[in-house]
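Quick look at protein34.txt (compact mmCIF, C-alpha atoms and all ligand atoms):
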```
# COMPACT_ATOMS: atom_id res chain seq x y z
CA MET K 1 199.19 249.98 85.49
CA LYS K 2 199.82 248.90 89.06
CA SER K 3 203.35 248.97 90.42
CA ASN K 4 203.08 245.33 91.42
CA SER K 5 202.53 244.29 87.81
CA PHE K 6 205.77 243.81 85.90
CA VAL K 7 207.98 241.42 83.98
CA LEU K 8 211.21 240.10 85.47
CA ARG K 9 213.82 238.80 83.04
CA GLY K 10 216.53 236.45 84.25
CA ASP K 11 217.59 232.83 84.72
CA LEU K 12 214.63 231.31 86.54
CA CYS K 13 214.72 228.36 88.89
CA ASP K 14 211.92 226.92 91.02
CA SER K 15 210.58 223.47 91.96
CA ARG K 16 208.32 221.30 89.87
CA SER K 17 208.00 218.81 92.74
CA PRO K 18 210.04 217.89 95.83
CA GLN K 19 212.33 215.85 93.59
CA LYS K 20 212.52 218.04 90.50
CA LEU K 21 214.01 221.43 89.83
CA ARG K 22 212.67 223.46 86.96
CA THR K 23 214.88 225.98 85.21
CA LEU K 24 214.41 228.49 82.43
CA GLU K 25 217.48 230.31 81.16
CA LYS K 26 216.81 233.81 79.79
CA GLY K 27 213.18 233.49 80.92
CA TYR K 28 210.41 235.98 81.63
CA LEU K 29 208.52 235.87 84.93
CA VAL K 30 205.26 237.80 84.76
CA CYS K 31 203.62 239.36 87.81
CA ILE K 32 200.10 240.80 87.66
CA ASP K 33 198.72 242.52 90.78
CA GLY K 34 201.16 240.64 92.99
CA LEU K 35 200.36 237.21 91.57
CA CYS K 36 202.46 235.11 89.23
CA ALA K 37 200.93 234.94 85.75
CA GLY K 38 203.49 232.43 84.51
CA ARG K 39 207.05 231.95 83.29
CA PHE K 40 207.79 232.13 79.60
CA PRO K 41 210.75 231.56 77.24
CA VAL K 42 209.40 234.32 74.99
CA LEU K 43 207.38 237.21 76.42
CA PRO K 44 203.75 236.90 75.25
CA GLU K 45 202.39 239.92 73.37
CA ALA K 46 199.73 240.48 76.09
CA TYR K 47 202.45 241.43 78.59
CA ALA K 48 204.61 243.53 76.27
CA ASP K 49 203.49 246.82 77.82
CA LEU K 50 204.35 245.90 81.41
CA PRO K 51 207.46 247.45 82.95
CA LEU K 52 210.49 245.21 82.39
CA ILE K 53 212.94 244.63 85.21
CA ASP K 54 215.95 243.31 83.35
CA CYS K 55 218.07 240.96 85.46
CA ALA K 56 219.69 239.18 82.52
CA GLY K 57 222.41 236.79 83.64
CA LYS K 58 221.19 236.75 87.25
CA LEU K 59 219.55 233.89 89.10
CA VAL K 60 215.87 234.39 89.98
CA ILE K 61 214.38 232.06 92.60
CA PRO K 62 211.20 232.10 94.72
CA GLY K 63 211.43 233.93 98.05
CA LEU K 64 212.38 231.64 100.91
CA THR K 65 210.33 230.83 104.02
CA ASP K 66 211.83 230.59 107.49
CA LEU K 67 209.29 228.38 109.21
CA HIS K 68 210.83 228.81 112.66
CA VAL K 69 212.81 231.74 114.08
CA HIS K 70 213.08 233.46 117.47
CA ALA K 71 213.43 237.22 116.88
CA PRO K 72 214.51 238.09 120.45
CA GLN K 73 217.37 235.61 120.28
CA TYR K 74 219.12 237.47 117.45
CA PRO K 75 221.47 239.44 119.74
CA PHE K 76 223.09 236.38 121.35
CA ARG K 77 223.71 234.27 118.26
CA GLY K 78 226.96 232.36 118.59
CA LEU K 79 226.92 232.28 122.39
CA GLY K 80 226.42 229.10 124.39
CA MET K 81 226.89 226.89 121.36
CA ASP K 82 228.80 224.35 123.47
CA LEU K 83 225.66 223.67 125.55
CA GLU K 84 222.75 221.30 125.07
CA LEU K 85 219.18 222.55 124.61
CA LEU K 86 217.86 222.68 128.18
CA ASP K 87 221.06 224.19 129.64
CA TRP K 88 221.26 226.67 126.77
CA LEU K 89 217.69 227.81 127.42
CA GLN K 90 218.41 228.50 131.08
CA ALA K 91 221.88 229.97 130.63
CA ARG K 92 221.44 232.10 127.52
CA THR K 93 217.91 232.24 126.16
CA PHE K 94 215.74 233.07 129.14
CA PRO K 95 218.03 235.84 130.49
CA GLU K 96 218.07 237.51 127.05
CA GLU K 97 214.31 237.17 126.51
CA ALA K 98 213.66 238.75 129.94
CA LYS K 99 215.17 241.99 128.58
CA TYR K 100 212.19 242.48 126.25
CA ALA K 101 210.11 243.71 129.18
CA ASP K 102 211.93 246.96 128.37
CA LEU K 103 210.28 248.35 125.24
CA THR K 104 213.26 250.55 124.41
CA TYR K 105 215.59 247.55 124.41
CA ALA K 106 213.06 245.57 122.37
CA GLN K 107 212.70 248.29 119.73
CA ALA K 108 216.45 248.48 119.22
CA ALA K 109 217.05 244.72 119.16
CA TYR K 110 214.04 243.95 116.97
CA GLY K 111 215.04 246.80 114.66
CA LYS K 112 218.34 245.09 113.91
CA PHE K 113 216.66 241.69 113.47
CA VAL K 114 214.13 243.08 110.99
CA HIS K 115 216.77 245.05 109.11
CA ASP K 116 218.85 241.92 108.56
CA LEU K 117 215.84 239.72 107.73
CA ARG K 118 214.81 242.23 105.08
CA ARG K 119 218.26 241.98 103.44
CA SER K 120 218.26 238.17 103.54
CA PRO K 121 216.83 235.88 100.82
CA ASN K 122 213.86 235.09 103.07
CA THR K 123 210.53 236.69 102.21
CA ARG K 124 208.31 234.98 104.79
CA ALA K 125 208.82 233.90 108.37
CA CYS K 126 207.02 232.36 111.32
CA VAL K 127 208.40 234.22 114.28
CA PHE K 128 208.47 233.67 118.04
CA ALA K 129 208.59 236.90 120.05
CA THR K 130 208.67 236.77 123.87
CA VAL K 131 205.95 236.71 126.54
CA HIS K 132 205.81 240.52 126.44
CA ARG K 133 202.70 241.97 124.80
CA ALA K 134 203.99 245.47 124.03
CA ALA K 135 207.30 244.27 122.61
CA THR K 136 205.50 241.69 120.48
CA ALA K 137 203.25 244.38 119.01
CA ALA K 138 206.35 246.49 118.33
CA LEU K 139 207.97 243.60 116.47
CA MET K 140 204.82 243.18 114.37
CA GLU K 141 204.92 246.87 113.52
CA LEU K 142 208.56 246.70 112.41
CA LEU K 143 207.94 243.59 110.31
CA GLU K 144 204.89 245.17 108.68
CA ASP K 145 206.96 248.22 107.73
CA SER K 146 209.67 245.98 106.26
CA GLY K 147 207.30 244.60 103.61
CA LEU K 148 207.94 240.98 104.61
CA VAL K 149 205.02 238.62 105.23
CA CYS K 150 205.16 237.10 108.69
CA ALA K 151 203.21 235.21 111.31
CA VAL K 152 204.23 236.45 114.76
CA GLY K 153 203.47 234.97 118.16
CA LYS K 154 203.48 236.32 121.67
CA VAL K 155 205.07 233.44 123.59
CA ASN K 156 203.18 231.75 126.45
CA MET K 157 205.00 230.21 129.41
CA ASP K 158 203.77 229.72 132.97
CA ARG K 159 206.33 227.31 134.43
CA ASP K 160 209.94 226.17 134.51
CA CYS K 161 211.58 229.51 133.71
CA PRO K 162 212.97 232.48 135.66
CA ASP K 163 210.44 234.57 137.58
CA ALA K 164 211.10 237.49 135.24
CA LEU K 165 209.56 235.54 132.35
CA ARG K 166 206.96 233.38 134.10
CA GLU K 167 203.35 234.39 133.58
CA GLU K 168 200.46 233.45 135.84
CA THR K 169 198.32 231.00 133.92
CA SER K 170 195.22 233.18 133.71
CA ALA K 171 197.30 236.30 133.01
CA SER K 172 199.04 234.49 130.15
CA LEU K 173 195.68 233.76 128.52
CA GLU K 174 194.33 237.25 129.24
CA GLU K 175 197.45 238.94 127.83
CA THR K 176 197.17 236.79 124.71
CA ARG K 177 193.55 237.84 124.16
CA GLN K 178 194.48 241.45 124.72
CA TRP K 179 197.41 241.18 122.30
CA LEU K 180 195.08 239.72 119.66
CA GLU K 181 192.56 242.50 120.20
CA GLU K 182 195.11 245.32 120.17
CA THR K 183 196.76 244.14 116.97
CA ALA K 184 193.62 243.00 115.10
CA GLY K 185 193.17 244.73 111.75
CA ARG K 186 196.36 246.79 112.10
CA PHE K 187 198.51 244.95 109.59
CA GLU K 188 198.33 243.96 105.96
CA ARG K 189 201.21 241.48 105.99
CA VAL K 190 201.64 240.40 109.60
CA THR K 191 199.27 237.95 111.25
CA PRO K 192 199.12 236.47 114.75
CA ILE K 193 199.99 232.88 115.58
CA LEU K 194 199.46 231.25 118.99
CA THR K 195 202.81 230.31 120.52
CA PRO K 196 202.91 228.03 123.55
CA ARG K 197 206.71 227.77 123.91
CA PHE K 198 206.78 223.99 124.46
CA VAL K 199 205.26 221.52 126.89
CA PRO K 200 207.89 222.02 129.64
CA SER K 201 207.04 225.77 129.75
CA CYS K 202 203.24 225.39 129.66
CA SER K 203 200.91 223.88 132.26
CA ASP K 204 198.03 221.70 131.08
CA THR K 205 195.60 224.47 132.03
CA LEU K 206 197.45 227.02 129.90
CA MET K 207 197.69 224.62 126.95
CA LYS K 208 193.95 223.85 127.14
CA GLY K 209 193.13 227.56 127.31
CA LEU K 210 195.24 228.26 124.23
CA GLY K 211 193.71 225.28 122.43
CA ALA K 212 190.24 226.71 123.13
CA LEU K 213 191.39 230.07 121.77
CA ALA K 214 192.81 228.42 118.64
CA ALA K 215 189.50 226.62 118.08
CA GLU K 216 187.39 229.70 118.82
CA ARG K 217 189.26 231.96 116.41
CA GLY K 218 190.67 229.46 113.92
CA LEU K 219 194.19 230.64 114.73
CA PRO K 220 197.36 228.83 113.69
CA VAL K 221 199.77 227.49 116.31
CA GLN K 222 203.56 227.16 116.49
CA SER K 223 205.63 225.30 119.04
CA HIS K 224 208.51 222.85 119.55
CA LEU K 225 208.27 219.06 119.35
CA SER K 226 210.59 216.11 120.04
CA GLU K 227 213.72 218.21 119.66
CA ASN K 228 216.23 216.80 122.12
CA ARG K 229 216.59 213.67 124.27
CA GLY K 230 216.56 215.53 127.62
CA GLU K 231 213.48 217.51 126.59
CA VAL K 232 211.55 214.43 125.41
CA GLU K 233 212.29 212.65 128.70
CA LEU K 234 211.15 215.70 130.66
CA VAL K 235 207.89 215.82 128.70
CA SER K 236 207.17 212.14 129.33
CA ARG K 237 207.42 212.87 133.08
CA LEU K 238 205.35 216.06 132.87
CA ARG K 239 202.59 214.58 130.74
CA PRO K 240 202.01 210.94 131.74
CA ASP K 241 198.57 211.25 130.12
CA ALA K 242 200.19 211.46 126.67
CA ARG K 243 201.62 208.34 125.02
CA PHE K 244 204.01 210.49 123.02
CA TYR K 245 205.01 214.17 123.03
CA GLY K 246 202.78 215.27 120.15
CA GLU K 247 199.76 213.71 121.80
CA ALA K 248 200.05 216.30 124.60
CA TYR K 249 199.50 219.09 122.05
CA ASP K 250 196.80 217.11 120.32
CA ARG K 251 194.83 216.52 123.54
CA ASP K 252 194.85 220.26 124.12
CA ASP K 253 193.72 221.11 120.57
CA LEU K 254 197.08 222.55 119.53
CA PHE K 255 198.08 220.01 116.89
CA GLY K 256 196.39 221.21 113.73
CA ALA K 257 192.83 220.02 114.30
CA HIS K 258 191.43 223.61 114.13
CA GLY K 259 193.98 225.52 112.08
CA LYS K 260 197.49 225.16 110.78
CA ALA K 261 200.14 224.01 113.25
CA ILE K 262 203.92 224.24 112.90
CA MET K 263 206.06 221.99 115.06
CA ALA K 264 209.76 222.78 115.08
CA HIS K 265 212.39 220.03 114.99
CA CYS K 266 210.69 216.59 115.20
CA VAL K 267 214.16 215.04 115.50
CA LEU K 268 212.96 212.20 117.71
CA SER K 269 209.40 211.67 116.52
CA GLY K 270 208.41 208.01 116.50
CA GLU K 271 205.96 206.11 114.37
CA GLU K 272 202.78 207.19 116.16
CA GLU K 273 203.77 210.83 116.32
CA THR K 274 204.71 210.84 112.63
CA ALA K 275 201.40 209.24 111.71
CA LEU K 276 199.42 211.79 113.72
CA MET K 277 201.33 214.67 112.12
CA GLY K 278 200.27 213.26 108.76
CA VAL K 279 196.62 212.99 109.77
CA ARG K 280 196.52 216.51 111.24
CA GLY K 281 198.51 218.13 108.43
CA VAL K 282 201.09 219.47 110.88
CA PHE K 283 203.98 221.39 109.30
CA VAL K 284 207.41 220.13 110.38
CA ALA K 285 209.96 222.96 110.64
CA HIS K 286 213.29 221.24 110.06
CA CYS K 287 216.09 223.23 111.71
CA PRO K 288 219.31 221.36 110.92
CA GLN K 289 221.83 223.92 112.12
CA SER K 290 220.13 224.37 115.47
CA ASN K 291 219.82 220.62 115.89
CA ALA K 292 223.58 220.30 115.41
CA ASN K 293 224.47 223.24 117.66
CA LEU K 294 222.30 222.04 120.54
CA ALA K 295 223.30 218.37 120.20
CA SER K 296 219.75 217.35 119.34
CA GLY K 297 220.48 215.11 116.34
CA VAL K 298 219.16 215.01 112.79
CA ALA K 299 215.47 214.76 111.91
CA PRO K 300 214.45 211.96 109.50
CA VAL K 301 213.31 214.43 106.85
CA ARG K 302 213.27 211.91 104.01
CA ARG K 303 210.86 209.74 106.00
CA TYR K 304 208.56 212.74 106.47
CA LEU K 305 208.70 213.51 102.76
CA GLU K 306 207.98 209.87 101.86
CA ARG K 307 204.95 209.91 104.17
CA GLY K 308 203.65 213.04 102.47
CA LEU K 309 204.05 215.28 105.52
CA ARG K 310 204.31 219.03 105.11
CA VAL K 311 207.92 220.01 105.76
CA GLY K 312 209.81 223.31 105.54
CA LEU K 313 213.06 224.74 106.87
CA GLY K 314 213.75 226.92 109.90
CA SER K 315 216.79 228.87 110.99
CA ASP K 316 215.75 228.57 114.65
CA VAL K 317 217.90 231.59 115.45
CA ALA K 318 219.58 231.55 117.96
CA GLY K 319 219.82 227.75 118.13
CA GLY K 320 220.90 228.29 114.55
CA VAL K 321 223.29 231.16 113.94
CA HIS K 322 222.43 231.94 110.32
CA MET K 323 219.20 233.55 109.25
CA SER K 324 219.43 232.75 105.51
CA ILE K 325 217.32 229.79 104.42
CA LEU K 326 219.89 229.18 101.65
CA ARG K 327 222.23 228.25 104.48
CA ALA K 328 219.50 226.04 106.00
CA MET K 329 219.26 224.18 102.67
CA ALA K 330 222.99 223.46 102.71
CA ASP K 331 222.83 222.43 106.37
CA ALA K 332 219.87 220.13 105.65
CA ILE K 333 221.88 218.32 102.99
CA GLN K 334 225.03 218.08 105.12
CA CYS K 335 223.19 216.87 108.21
CA SER K 336 221.20 214.30 106.20
CA LYS K 337 224.51 212.94 104.89
CA LEU K 338 225.94 212.63 108.40
CA ARG K 339 222.74 210.91 109.51
CA TRP K 340 223.05 208.49 106.61
CA ALA K 341 226.77 207.90 107.21
CA ILE K 342 226.72 207.31 110.96
CA GLN K 343 223.15 206.59 112.04
CA ASP K 344 220.79 205.11 109.49
CA LYS K 345 221.53 203.77 106.00
CA SER K 346 217.82 203.31 105.30
CA LEU K 347 217.27 207.03 104.62
CA LYS K 348 219.29 208.39 101.73
CA PRO K 349 220.73 211.92 102.08
CA LEU K 350 218.61 214.81 100.80
CA THR K 351 219.28 216.03 97.28
CA VAL K 352 219.80 219.67 96.31
CA ALA K 353 216.38 219.64 94.63
CA GLU K 354 214.74 218.38 97.82
CA ALA K 355 216.47 220.92 100.07
CA PHE K 356 215.52 223.72 97.66
CA TRP K 357 211.92 222.56 97.63
CA LEU K 358 211.81 222.53 101.45
CA GLY K 359 213.02 226.14 101.67
CA THR K 360 210.68 227.44 98.95
CA ALA K 361 207.46 225.49 98.28
CA GLY K 362 207.55 223.30 101.41
CA GLY K 363 207.61 226.12 103.94
CA GLY K 364 205.79 228.52 101.62
CA GLU K 365 202.67 226.34 101.77
CA PHE K 366 202.06 227.58 105.31
CA PHE K 367 201.26 230.98 103.76
CA GLY K 368 199.07 229.54 100.97
CA ARG K 369 200.02 229.48 97.31
CA VAL K 370 203.61 230.56 97.87
CA GLY K 371 207.09 229.38 96.92
CA ARG K 372 206.76 228.47 93.24
CA PHE K 373 206.55 230.34 89.95
CA GLU K 374 203.13 228.90 89.10
CA PRO K 375 200.19 230.92 87.78
CA GLY K 376 198.06 232.08 90.70
CA TYR K 377 200.87 231.86 93.25
CA GLU K 378 201.77 234.98 95.22
CA LEU K 379 204.88 236.33 93.60
CA ASP K 380 207.81 236.28 96.00
CA ALA K 381 211.13 236.37 94.17
CA VAL K 382 214.79 236.90 94.94
CA VAL K 383 217.37 237.98 92.37
CA ILE K 384 220.87 236.70 93.11
CA ASP K 385 224.20 237.75 91.62
CA ASP K 386 225.45 234.18 91.83
CA ALA K 387 228.95 234.71 90.51
CA PRO K 388 230.13 238.09 91.79
CA GLY K 389 233.61 238.81 90.49
CA LEU K 390 233.97 235.43 88.77
CA PRO K 391 234.69 235.03 85.06
CA PRO K 392 231.84 233.67 82.90
CA SER K 393 231.42 229.90 83.19
CA PRO K 394 229.42 227.30 81.29
CA LEU K 395 227.43 226.12 84.32
CA SER K 396 223.75 225.26 83.89
CA VAL K 397 221.13 227.21 85.83
CA ALA K 398 220.68 224.18 88.12
CA GLU K 399 224.41 224.08 88.85
CA ARG K 400 224.43 227.81 89.53
CA LEU K 401 221.57 227.36 91.98
CA GLU K 402 223.50 224.58 93.70
CA ARG K 403 226.52 226.82 94.06
CA ALA K 404 224.41 229.75 95.29
CA ILE K 405 222.86 227.58 98.00
CA TYR K 406 226.34 227.12 99.43
CA LEU K 407 227.98 230.43 98.54
CA ALA K 408 225.49 233.28 98.19
CA GLU K 409 225.72 235.96 100.87
CA ASP K 410 223.10 238.56 101.68
CA ARG K 411 225.16 241.14 99.78
CA ASP K 412 224.65 239.06 96.61
CA ILE K 413 220.86 239.50 96.83
CA LEU K 414 220.23 242.24 94.25
CA HIS K 415 216.45 242.52 94.41
CA LYS K 416 213.65 241.10 96.48
CA PHE K 417 209.93 241.00 95.73
CA VAL K 418 207.18 240.03 98.18
CA ARG K 419 203.63 239.58 96.88
CA GLY K 420 204.85 241.44 93.81
CA ARG K 421 206.10 244.41 95.81
CA GLN K 422 209.75 245.30 95.27
CA LEU K 423 211.53 245.78 98.63
CA PHE K 424 214.85 246.67 96.99
N1 LIG K 501 212.43 224.77 123.04
C1 LIG K 501 211.79 225.66 123.81
N2 LIG K 501 212.24 226.90 123.59
C2 LIG K 501 213.17 226.80 122.65
C3 LIG K 501 213.99 227.77 121.99
O1 LIG K 501 213.95 228.97 122.24
N3 LIG K 501 214.83 227.28 121.05
C4 LIG K 501 214.90 225.96 120.74
N4 LIG K 501 215.75 225.55 119.82
N5 LIG K 501 214.16 225.05 121.35
C5 LIG K 501 213.30 225.47 122.29
FE FE K 502 212.99 227.19 118.42
```

Turn the structure described in the file into structure tokens.
Amino acid sequence: MKSNSFVLRGDLCDSRSPQKLRTLEKGYLVCIDGLCAGRFPVLPEAYADLPLIDCAGKLVIPGLTDLHVHAPQYPFRGLGMDLELLDWLQARTFPEEAKYADLTYAQAAYGKFVHDLRRSPNTRACVFATVHRAATAALMELLEDSGLVCAVGKVNMDRDCPDALREETSASLEETRQWLEETAGRFERVTPILTPRFVPSCSDTLMKGLGALAAERGLPVQSHLSENRGEVELVSRLRPDARFYGEAYDRDDLFGAHGKAIMAHCVLSGEEETALMGVRGVFVAHCPQSNANLASGVAPVRRYLERGLRVGLGSDVAGGVHMSILRAMADAIQCSKLRWAIQDKSLKPLTVAEAFWLGTAGGGEFFGRVGRFEPGYELDAVVIDDAPGLPPSPLSVAERLERAIYLAEDRDILHKFVRGRQLF
């Protein structure tokens, strides 16, 4: 019997659809060779011999996906939160990221980031590193050892940043190829993702070179899109050839035509951009806390859901301060309510079920069949002590989930499983 075959007993909750939660009190979740074999009210005879992990009375939910996080920004969370995006990048972000030229600093800082991510309810993440090749490989190594499943990108930037971070265009492409070669085949759980920072940081030549690389190797791409008013205006000056921001990525083959693409934020995406994201299957990484902290606004997530776009949640550390995607669910609901109350009555606030879906199945789809307790899905699960120290209460499983979204801390995460492997 393989160690990643087992039965987990507990109060199960996952998503049936973006609108519908699905709960099973006192249920059995069966994992065979890392894949979900189903969820059952009574354990079928065929699975009776599997090891039983008894989490009776605890909440069991799918592992969460952070679709957008900057690992090197972890040390300065909470600083510069009275600035807007472009000033914050110059004042706080770029000086911190420059430190990752020093591999010793990078090892220590990334070590803390990975330690905390491992303890969080997130099981998957799409991670920006910095421009530095060696430090990026070190981050991949640490993440691999943690047991989490991650896509990691060496950042590309050849303009509009301090000299310490700016790459020559051809060197940026060469370093990226070398990074891909050096790390190829080294990891079971960590994969590379091309990471042009955003249009203001990347010349047309660099973007085209990365687009060619994405097409040549079928690599996924992650970047930022239509985040903040000042940024969108800057892009319209920098790329007069593009009718809207997303078209700049699309012209350079970085918008999902050759592999998956994640675009963080999409706060200010208009009709044409939204339509193109739909056509290309772009994943929107909704980062509500960051969008509030950096005065960017609130993305029209309900519109994206109604149009059938792929949407997940991102912490966007350090634009966002909190790594837990449970917190991002709560923030998504709160921000959608503010948007509804003060900006646009046509889009109703997000429901708990919708926010939960975004943080589980919505973002999980980037990694394949992930984020639900369906047969054939990779089994990522988190066991939560959702009422530590509280007397028993008659709440339903759905109500307990709702409360956990707002209240659960990392210390309440009792167990975590990724692809059927128990991390703790
Ligand atoms: N746009 C370009 N770089 C960044 C970054 O590091 N964080 C956020 N929130 N937006 C960006
Ligand atoms: Fe970001």

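Excluding Glu45 in chain K and any residue on its chain fewer than 5 positions from it, the residues at most 12 Å away by all atoms listed in the file are Val30, Phe40 and Leu50 of chain K.
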
Inset, instruction - Identify, counting all atoms listed in the file, the protein, DNA and RNA residues located within 9 Å of ligand FE 502 (chain K), and give them as a PyMOL selection string. - result: chain K and resi 68-70+128+197+223-224+264-265+287+290+314-320

Closest atom pairs, residues of range 133-178 of chain K within 8 Å of range 79-97 of chain K, only C-alpha atoms, as JSON lines:
```
{"residue": "K:Cys161", "atom": "CA", "partner": "K:Phe94", "partner_atom": "CA", "distance": 7.1}
{"residue": "K:Pro162", "atom": "CA", "partner": "K:Phe94", "partner_atom": "CA", "distance": 7.1}
{"residue": "K:Leu165", "atom": "CA", "partner": "K:Phe94", "partner_atom": "CA", "distance": 7.4}
```

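Using all atoms listed in the file, the shortest contact distance between Ser172 in chain K and any of K:Lys348, K:Phe187, K:Met140, K:Val131 is found at K:Val131.
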
Inset, instruction - Tell me which protein, DNA and RNA residues are within 8 Å of Gly38 in chain K, counting only C-alpha atoms, leaving out same-chain ones fewer than 2 positions away, and put them as an MDAnalysis selection string. - result: chainID K and resid 29:31 36 40 373:375

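Contact shell of range 236-238 of chain K at 12 Å (all atoms listed in the file; same-chain neighbours under 5 positions omitted): Arg159, Asp160, Phe198, Val199, Pro200, Ser201, Cys202, Ser203, Asp204, Ser226, Arg229, Gly230, Glu231, Arg243, Phe244, Tyr245, Gly246, Glu247 and Ala248 of chain K.
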
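Nearest to ligand LIG 501 (chain K) of all the residues K:Gly209, K:Gly371, K:Gly359, K:Pro72 is K:Pro72, counting all atoms listed in the file.
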
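Pairwise distance (CA of Ser146 in chain K, CA of Phe76 in chain K) equals 22.4 Å.
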